Amino acid sequence: MTEAVVASSGAAKAAADQPYLKIAGIVKKFGDNFAVDNLDLEIQQHEIFALLGSSGCGKSTLLRMLAGMERPTSGKIILDGQDITQLAPYERPLNMMFQSYALFPHMTVEQNIAFGLKQDGLPKDEIANRVLEMLDLVQLRKYASRKPYQLSGGQQQRVALARSLAKRPKMLLLDEPLGALDKKLRQQTQLELVNTLEKVGVTCIMVTHDQEEAMTMATRIGIMSEGKLLQVGTPSQIYDYPNCRFTAEFIGETNLFTGQVVVDEADRVEIETAELGGRIQVSHGITGPKGMDVWASVRPEDVRIDIRPIAAGPNAARGKVKEIAYLGSFSIYHVILPSGKVVKSMVPANRWYEAGEQEPTWNDEVYVSWRADMPVVLTA
Amino acid sequence: MYNGNKLSPFLKGVLVVGFLFLYIPILSLIVYSFNESKLVTLWGGFSLRWYASLFENEQIISAVWLSIRIALASATAAVVLGTIAGFVSARFKRFRGSTLFAGMLTAPMVMPEVITGLSMLLLFISLQQLTGYPSERGFFTIWVGHTTLCMAYVAVVVRSRLVEMDKSLEEAAMDLGARPFKIFFVITLPLISQAIASGFLLSITLSLDDLVTTAFLSGPGSTTLPQVIFSKVRLGLNPEINALASITVLIVGIFVILANYLMLNSQRKRERAIAEAMRGDAPVLPSPPVGVEGMGRPGRA
């Protein structure tokens, strides 16, 4: 009894020290191209981690290396203390849900889910129990004897999920899990999928190019570009504090101004930028020499538009309305500045009504501004 | 119904002429197989006497029997070898000389049969001189010749099916713990079974009517049906051959119609199931028999 307690607390301690999954220095070369370039990543148990990037950034290759479909050129993958780098796909304690679902068309839903369990040689009644458990999990019990083509897209997706969870893998890999569904169904399925994954408590890595999907589903996100991880963090960290231009532009929309640091003090930084025709003041400091080239990112929802002149100073400029995209609850104004730079501003629908002002229209002169705590300074 | 797509009289005429051109010879052949007269070109009244004499002709019966045996044997061998070859060329990573391999696989299809036949004849003769086997030309040599020819067709059919098949099906099976050898039999083979079946049927028809290669590789006492027909026609047209040909047309026709019916039927069933799955939770199985469905209106409750 005491021994067991000691042993389990020992294991827990080991788990706390060591990440559940450790990817160390992984490289995959195709010919002379680096699909994945010396990448390190650590993932804790029960996390839902999303690899986000545009197509060809190496995220799928990384996932396929975790599944064993591709052999890394160099580097190590350690899952729960076991080095799985050289194991064949059928020896790895993790399962994958494929983008096309890859349901076996000649087997019923039941047989599809039981396939992995049969390979493990489990006794028949246990297989039957597990299959029922999985069918209940994805609420497809009454579809057990159907063939995949007799199911709708959303149902097929749930069968694929059940099949990949049936073996109780240490980790679940999801390749564009909702990529094959149409947009309306996707949003509804996102939350449903997260609920199921959290109920099972399985550690997940998903690959997606859809930032909304990543932000909704993942506990942490890794932004990938050209085989490298640019930034890893929670969705809000990545949105509010991007560490480079790529992340800032890839996640959500932003206005980027390029300029030089002219004032760098503890409580503020000022950036001279020709694009704005003035200075951008940021109320949090950065460390860097004066004159350094930097970029300031301002999200459209942080840009305010006024039709009456505002006090001149930093973080403000005069411009003309070039484009208005009406999106119902809000509109996106494209304001062109004298420098030719276009600033996007997201304006709530009730903004003008509440201020008792006439809504500006094309070619109207307007003033854009933002608070000094809004811009993020980027050095890369 | 499709007013915009109505055929113009000219197109209709071309269509009719085309079909007549294709089918008049076969129709006249069938009609004259019921001819009483011994003269093939002169109508002498309805009779079944040529069918009766056909079944008494031992030469023809044994030729039919030999042809069927050779066709079944070579189709079987061709399916086994062709499937393996098609699988390798579709699924294995590119290896040194894989293009050459793929080219050589299809070469028998475009090689003039006279060349294939002659070269195999030379091979068998030198083999016989070296090892004493095969001691004579007959069933075995024809079987080998037909197999090489049919194998190329099976490999091409299987290969194209495999190329269009989603590779992630096999990967998913591997991910779920199945080893490559098992995956081939449990996943790949069932999914390409239709291609294999059509390769098998194609091989049978190829082998059944092959004359050129067979002529090189057959020996005394091993005469296939096409050889019998050819030699008989050289001696003059014979109503018996008309009867034989008509039976062949009948059998082929039945097979074609049957195959089409089965395919259409399963496709219709599939489409209906997909439509119902899209509609939501409506029960898909069991489906009503097809015959009843014919009168059904679309959009019934």
# chains A, B, ... in the order shown; residues from 1 in each chain; ligands from 1

$ closest_atom_pairs --of "range 130-219 of chain A" --to "range 53-72 of chain A" --cutoff "10 Å" --atoms "only C-alpha atoms" --output "JSON lines"
{"residue": "A:Met171", "atom": "CA", "partner": "A:Leu66", "partner_atom": "CA", "distance": 9.8}
{"residue": "A:Leu172", "atom": "CA", "partner": "A:Ala67", "partner_atom": "CA", "distance": 9.4}
{"residue": "A:Leu173", "atom": "CA", "partner": "A:Leu63", "partner_atom": "CA", "distance": 7.0}
{"residue": "A:Leu174", "atom": "CA", "partner": "A:Leu63", "partner_atom": "CA", "distance": 8.3}
{"residue": "A:Asp175", "atom": "CA", "partner": "A:Ser60", "partner_atom": "CA", "distance": 7.2}
{"residue": "A:Glu176", "atom": "CA", "partner": "A:Ser60", "partner_atom": "CA", "distance": 9.1}
{"residue": "A:Ile205", "atom": "CA", "partner": "A:Leu63", "partner_atom": "CA", "distance": 8.0}
{"residue": "A:Met206", "atom": "CA", "partner": "A:Leu63", "partner_atom": "CA", "distance": 8.1}
{"residue": "A:Val207", "atom": "CA", "partner": "A:Lys59", "partner_atom": "CA", "distance": 6.4}
{"residue": "A:Thr208", "atom": "CA", "partner": "A:Gly53", "partner_atom": "CA", "distance": 6.9}
{"residue": "A:His209", "atom": "CA", "partner": "A:Gly53", "partner_atom": "CA", "distance": 5.2}
{"residue": "A:Asp210", "atom": "CA", "partner": "A:Gly53", "partner_atom": "CA", "distance": 8.2}
{"residue": "A:Gln211", "atom": "CA", "partner": "A:Gly53", "partner_atom": "CA", "distance": 8.4}

$ residues_around --residues "Ser246 in chain B" --least-positions-apart "6" --cutoff "12 Å" --atoms "only C-alpha atoms" --output "list in words"
Pro25, Ile26, Leu27, Ser28, Leu29, Ile30, Val31, Tyr32, Ser33, Phe34, Trp50, Tyr51, Leu54, Pro239, Glu240, Val252 and Gly253 of chain B

$ write_last_selection --atoms "C-alpha atoms" --output "PDB file, in the first residue's frame"
ATOM      1  CA  PRO B  25     -22.389  -8.094 -89.420  1.00  0.00           C
ATOM      2  CA  ILE B  26     -23.113  -9.644 -86.038  1.00  0.00           C
ATOM      3  CA  LEU B  27     -26.867  -9.680 -86.652  1.00  0.00           C
ATOM      4  CA  SER B  28     -26.498 -11.321 -90.054  1.00  0.00           C
ATOM      5  CA  LEU B  29     -24.169 -13.864 -88.508  1.00  0.00           C
ATOM      6  CA  ILE B  30     -26.782 -14.754 -85.907  1.00  0.00           C
ATOM      7  CA  VAL B  31     -29.580 -14.860 -88.464  1.00  0.00           C
ATOM      8  CA  TYR B  32     -27.652 -17.135 -90.814  1.00  0.00           C
ATOM      9  CA  SER B  33     -26.755 -19.474 -87.942  1.00  0.00           C
ATOM     10  CA  PHE B  34     -30.427 -20.545 -88.081  1.00  0.00           C
ATOM     11  CA  TRP B  50     -26.043 -26.427 -87.189  1.00  0.00           C
ATOM     12  CA  TYR B  51     -26.387 -26.058 -83.437  1.00  0.00           C
ATOM     13  CA  LEU B  54     -21.913 -28.295 -83.380  1.00  0.00           C
ATOM     14  CA  PRO B 239     -22.779 -22.498 -91.026  1.00  0.00           C
ATOM     15  CA  GLU B 240     -21.509 -24.439 -88.022  1.00  0.00           C
ATOM     16  CA  VAL B 252     -20.639 -12.497 -73.833  1.00  0.00           C
ATOM     17  CA  GLY B 253     -23.863 -10.485 -74.001  1.00  0.00           C
TER      18      GLY B 253
END

$ residues_around --residues "range 127-137 of chain A" --least-positions-apart "4" --cutoff "7 Å" --atoms "only C-alpha atoms" --output "MDAnalysis selection string"
chainID A and resid 110 113:114 117 122:123 141 162 166

$ closest_atom_pairs --of "chain B" --to "chain A" --cutoff "7 Å" --atoms "only C-alpha atoms" --output "JSON lines"
{"residue": "B:Ser168", "atom": "CA", "partner": "A:Ala102", "partner_atom": "CA", "distance": 5.8}
{"residue": "B:Leu169", "atom": "CA", "partner": "A:Ala102", "partner_atom": "CA", "distance": 4.8}
{"residue": "B:Ala172", "atom": "CA", "partner": "A:Ala102", "partner_atom": "CA", "distance": 6.4}
{"residue": "B:Met174", "atom": "CA", "partner": "A:Tyr90", "partner_atom": "CA", "distance": 5.2}
{"residue": "B:Asp175", "atom": "CA", "partner": "A:Pro89", "partner_atom": "CA", "distance": 5.3}
{"residue": "B:Leu176", "atom": "CA", "partner": "A:Gly116", "partner_atom": "CA", "distance": 4.6}
{"residue": "B:Gly177", "atom": "CA", "partner": "A:Tyr90", "partner_atom": "CA", "distance": 3.9}
{"residue": "B:Ala178", "atom": "CA", "partner": "A:Gln119", "partner_atom": "CA", "distance": 5.9}
{"residue": "B:Arg179", "atom": "CA", "partner": "A:Tyr90", "partner_atom": "CA", "distance": 6.5}
{"residue": "B:Ala273", "atom": "CA", "partner": "A:Gln150", "partner_atom": "CA", "distance": 5.3}
{"residue": "B:Ile274", "atom": "CA", "partner": "A:Gln150", "partner_atom": "CA", "distance": 5.2}
{"residue": "B:Ala277", "atom": "CA", "partner": "A:Leu151", "partner_atom": "CA", "distance": 5.1}
{"residue": "B:Met278", "atom": "CA", "partner": "A:Ser152", "partner_atom": "CA", "distance": 5.3}

$ residues_around --residues "Ile204 in chain B" --least-positions-apart "4" --cutoff "8 Å" --atoms "only C-alpha atoms" --output "JSON, numbers by chain"
{"B": [71, 72, 74, 75, 200, 208]}

$ atom_distance --atom1 "CA of Leu105 in chain B" --atom2 "CA of Ala155 in chain B"
7.5 Å

$ atom_distance --atom1 "CA of Ser283 in chain A" --atom2 "CA of Asp267 in chain A"
5.8 Å

$ select_by_dssp --residues "range 51-209 of chain B" --states "helix (DSSP H, G or I)" --output "ChimeraX atom specification"
/B:51-56,58-91,98-110,113-131,139-164,168-175,180-191,193-208

$ residues_around --residues "Glu212 in chain A" --least-positions-apart "4" --cutoff "9 Å" --atoms "only C-alpha atoms" --output "MDAnalysis selection string"
chainID A and resid 216:217 251:252

$ write_last_selection --atoms "C-alpha atoms" --output "PDB file, in the first residue's frame"
ATOM      1  CA  THR A 216     -10.966  28.153 -30.208  1.00  0.00           C
ATOM      2  CA  MET A 217      -9.636  24.693 -29.561  1.00  0.00           C
ATOM      3  CA  ILE A 251      -2.944  35.913 -36.327  1.00  0.00           C
ATOM      4  CA  GLY A 252      -5.746  38.368 -36.863  1.00  0.00           C
TER       5      GLY A 252
END

$ closest_residue --among "B:Thr41, B:Ser67, B:Ser119, B:Ser8" --to "Thr205 in chain B" --atoms "only C-alpha atoms"
B:Ser67

$ residues_around --residues "range 329-331 of chain A" --least-positions-apart "2" --cutoff "6 Å" --atoms "only C-alpha atoms" --output "list of chain:residue names"
A:Ala325, A:Tyr326, A:Leu327, A:Met346, A:Val347, A:Pro348, A:Ala349

$ residues_around --residues "range 33-38 of chain A" --least-positions-apart "6" --cutoff "6 Å" --atoms "only C-alpha atoms" --output "PyMOL selection string"
chain A and resi 25-27+58+227-228

$ closest_residue --among "A:His334, A:Lys320, A:Lys184, A:Arg220" --to "Tyr367 in chain A" --atoms "only C-alpha atoms"
A:Lys320

$ atom_distance --atom1 "CA of Ala90 in chain B" --atom2 "CA of Val110 in chain B"
20.5 Å

$ decode --residues "range 115-162 of chain A" --atoms "N, CA and C atoms" --output "compact mmCIF listing (two decimals), in the first residue's frame"
# COMPACT_ATOMS: atom_id res chain seq x y z
N PHE A 115 -10.87 -1.90 -35.34
CA PHE A 115 -9.69 -2.32 -36.10
C PHE A 115 -8.40 -2.27 -35.27
N GLY A 116 -8.16 -1.14 -34.62
CA GLY A 116 -6.93 -0.99 -33.84
C GLY A 116 -6.88 -1.94 -32.66
N LEU A 117 -8.04 -2.17 -32.04
CA LEU A 117 -8.09 -3.05 -30.87
C LEU A 117 -7.79 -4.49 -31.28
N LYS A 118 -8.28 -4.87 -32.47
CA LYS A 118 -8.01 -6.22 -32.97
C LYS A 118 -6.52 -6.43 -33.20
N GLN A 119 -5.84 -5.38 -33.68
CA GLN A 119 -4.40 -5.52 -33.93
C GLN A 119 -3.65 -5.77 -32.64
N ASP A 120 -4.22 -5.30 -31.52
CA ASP A 120 -3.57 -5.53 -30.23
C ASP A 120 -3.90 -6.90 -29.67
N GLY A 121 -4.78 -7.63 -30.33
CA GLY A 121 -5.15 -8.96 -29.87
C GLY A 121 -5.91 -8.97 -28.57
N LEU A 122 -6.74 -7.96 -28.34
CA LEU A 122 -7.56 -7.94 -27.13
C LEU A 122 -8.64 -9.00 -27.22
N PRO A 123 -9.10 -9.51 -26.06
CA PRO A 123 -10.20 -10.49 -26.10
C PRO A 123 -11.47 -9.87 -26.70
N LYS A 124 -12.28 -10.76 -27.29
CA LYS A 124 -13.44 -10.29 -28.07
C LYS A 124 -14.41 -9.44 -27.26
N ASP A 125 -14.72 -9.88 -26.03
CA ASP A 125 -15.72 -9.13 -25.26
C ASP A 125 -15.18 -7.77 -24.85
N GLU A 126 -13.87 -7.71 -24.64
CA GLU A 126 -13.32 -6.40 -24.28
C GLU A 126 -13.37 -5.44 -25.47
N ILE A 127 -13.07 -5.99 -26.66
CA ILE A 127 -13.18 -5.16 -27.87
C ILE A 127 -14.60 -4.62 -27.99
N ALA A 128 -15.57 -5.52 -27.81
CA ALA A 128 -16.98 -5.11 -27.95
C ALA A 128 -17.32 -4.00 -26.95
N ASN A 129 -16.84 -4.15 -25.72
CA ASN A 129 -17.12 -3.13 -24.70
C ASN A 129 -16.52 -1.79 -25.07
N ARG A 130 -15.26 -1.84 -25.51
CA ARG A 130 -14.58 -0.59 -25.85
C ARG A 130 -15.26 0.09 -27.03
N VAL A 131 -15.68 -0.72 -28.00
CA VAL A 131 -16.33 -0.13 -29.18
C VAL A 131 -17.61 0.57 -28.74
N LEU A 132 -18.38 -0.07 -27.85
CA LEU A 132 -19.62 0.55 -27.37
C LEU A 132 -19.32 1.85 -26.62
N GLU A 133 -18.28 1.79 -25.81
CA GLU A 133 -17.88 2.97 -25.04
C GLU A 133 -17.56 4.14 -25.99
N MET A 134 -16.83 3.81 -27.06
CA MET A 134 -16.45 4.84 -28.03
C MET A 134 -17.67 5.36 -28.79
N LEU A 135 -18.56 4.44 -29.17
CA LEU A 135 -19.77 4.84 -29.89
C LEU A 135 -20.61 5.79 -29.03
N ASP A 136 -20.66 5.51 -27.72
CA ASP A 136 -21.41 6.40 -26.82
C ASP A 136 -20.72 7.75 -26.71
N LEU A 137 -19.39 7.70 -26.66
CA LEU A 137 -18.62 8.94 -26.53
C LEU A 137 -18.94 9.91 -27.67
N VAL A 138 -19.05 9.37 -28.90
CA VAL A 138 -19.30 10.25 -30.03
C VAL A 138 -20.77 10.22 -30.46
N GLN A 139 -21.60 9.58 -29.64
CA GLN A 139 -23.05 9.53 -29.86
C GLN A 139 -23.43 8.97 -31.24
N LEU A 140 -22.84 7.82 -31.54
CA LEU A 140 -23.14 7.21 -32.84
C LEU A 140 -23.60 5.77 -32.67
N ARG A 141 -24.15 5.45 -31.50
CA ARG A 141 -24.46 4.06 -31.21
C ARG A 141 -25.40 3.45 -32.25
N LYS A 142 -26.39 4.25 -32.67
CA LYS A 142 -27.37 3.66 -33.59
C LYS A 142 -26.85 3.60 -35.02
N TYR A 143 -25.64 4.10 -35.25
CA TYR A 143 -25.08 4.03 -36.60
C TYR A 143 -24.01 2.94 -36.71
N ALA A 144 -23.93 2.10 -35.67
CA ALA A 144 -22.81 1.14 -35.57
C ALA A 144 -22.64 0.27 -36.80
N SER A 145 -23.75 -0.13 -37.43
CA SER A 145 -23.62 -1.11 -38.51
C SER A 145 -23.63 -0.45 -39.89
N ARG A 146 -23.50 0.88 -39.92
CA ARG A 146 -23.47 1.54 -41.22
C ARG A 146 -22.07 1.56 -41.79
N LYS A 147 -22.02 1.71 -43.12
CA LYS A 147 -20.74 1.89 -43.78
C LYS A 147 -20.42 3.40 -43.82
N PRO A 148 -19.15 3.76 -43.89
CA PRO A 148 -18.81 5.19 -43.85
C PRO A 148 -19.55 6.04 -44.87
N TYR A 149 -19.78 5.51 -46.09
CA TYR A 149 -20.42 6.36 -47.10
C TYR A 149 -21.89 6.63 -46.78
N GLN A 150 -22.42 5.91 -45.79
CA GLN A 150 -23.82 6.15 -45.40
C GLN A 150 -23.91 7.20 -44.30
N LEU A 151 -22.80 7.86 -44.01
CA LEU A 151 -22.80 8.86 -42.95
C LEU A 151 -22.54 10.25 -43.53
N SER A 152 -23.01 11.26 -42.81
CA SER A 152 -22.71 12.63 -43.23
C SER A 152 -21.28 12.97 -42.84
N GLY A 153 -20.77 14.10 -43.34
CA GLY A 153 -19.39 14.49 -43.08
C GLY A 153 -19.08 14.59 -41.59
N GLY A 154 -20.00 15.21 -40.84
CA GLY A 154 -19.79 15.37 -39.42
C GLY A 154 -19.77 14.04 -38.68
N GLN A 155 -20.63 13.11 -39.13
CA GLN A 155 -20.65 11.79 -38.50
C GLN A 155 -19.36 11.03 -38.81
N GLN A 156 -18.89 11.17 -40.06
CA GLN A 156 -17.63 10.50 -40.42
C GLN A 156 -16.49 11.01 -39.56
N GLN A 157 -16.51 12.32 -39.31
CA GLN A 157 -15.46 12.90 -38.49
C GLN A 157 -15.49 12.30 -37.08
N ARG A 158 -16.70 12.07 -36.56
CA ARG A 158 -16.81 11.50 -35.22
C ARG A 158 -16.36 10.04 -35.19
N VAL A 159 -16.62 9.31 -36.28
CA VAL A 159 -16.15 7.92 -36.34
C VAL A 159 -14.62 7.91 -36.34
N ALA A 160 -14.04 8.81 -37.13
CA ALA A 160 -12.57 8.88 -37.19
C ALA A 160 -12.00 9.19 -35.81
N LEU A 161 -12.68 10.07 -35.09
CA LEU A 161 -12.22 10.42 -33.74
C LEU A 161 -12.31 9.20 -32.83
N ALA A 162 -13.46 8.51 -32.89
CA ALA A 162 -13.65 7.33 -32.04
C ALA A 162 -12.61 6.27 -32.34
